[in-house]
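Asker: Have a look at this one before I ask anything.
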Amino acid sequence: MKTGDIVEIKIEKMLNDGTGLARIDNVPVFISDCAPDDILKVKITSVNKTYFRGEILEIVEESPCRVKPVCALHSVCGSCTWQYINY
């Protein structure tokens, strides 16, 4: 795996810092702005010896946990970052 590779992955779970966890060949991939069970097309942005980081290019299949955010500025101001996930 190298920086710039595009992969399709499924988010396993959310971590306490708000990132989602997926795996490629048992190597953790950390992705922001996702929900558990999302299936995503992701661009690998960082490659480390023990993990990768990626950014969402496309939501292939939305998680059943996803909802429409109440605040129109949820992705801009940073205060309500998890509004797209059902409580």
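Scheme for the structure tokens: letters A, B, ... for chains in order shown; per-chain residue numbers from 1; ligand numbers from 1 in order shown.
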Neighbouring residues of region 36-47 of chain A were defined as those with any atom within 8 Å, considering only C-alpha atoms; residues of the same chain fewer than 6 positions away were excluded. Please report them as a PyMOL selection string.
Answerer: chain A and resi 1-14+20+53-65
Asker: Out of chain A, which residues get strand (DSSP E) from DSSP, as a VMD selection string?
Answerer: chain A and resid 6 to 10 13 to 14 20 to 24 27 to 31 39 to 47 52 to 61
Asker: Could you check which of A:Cys80, A:Gly18, A:Tyr51, A:Arg23 is closest to Ala35 (chain A), using only C-alpha atoms?
Answerer: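 Of all the options, A:Gly18 lies closest to Ala35 (chain A).
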Asker: Which residue, A:Val67, A:Ser32, A:Asn26, A:Ala72, has the smallest gap to Thr50 (chain A) when you use only C-alpha atoms?
Answerer: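 Closest residue, counting only C-alpha atoms: A:Asn26.
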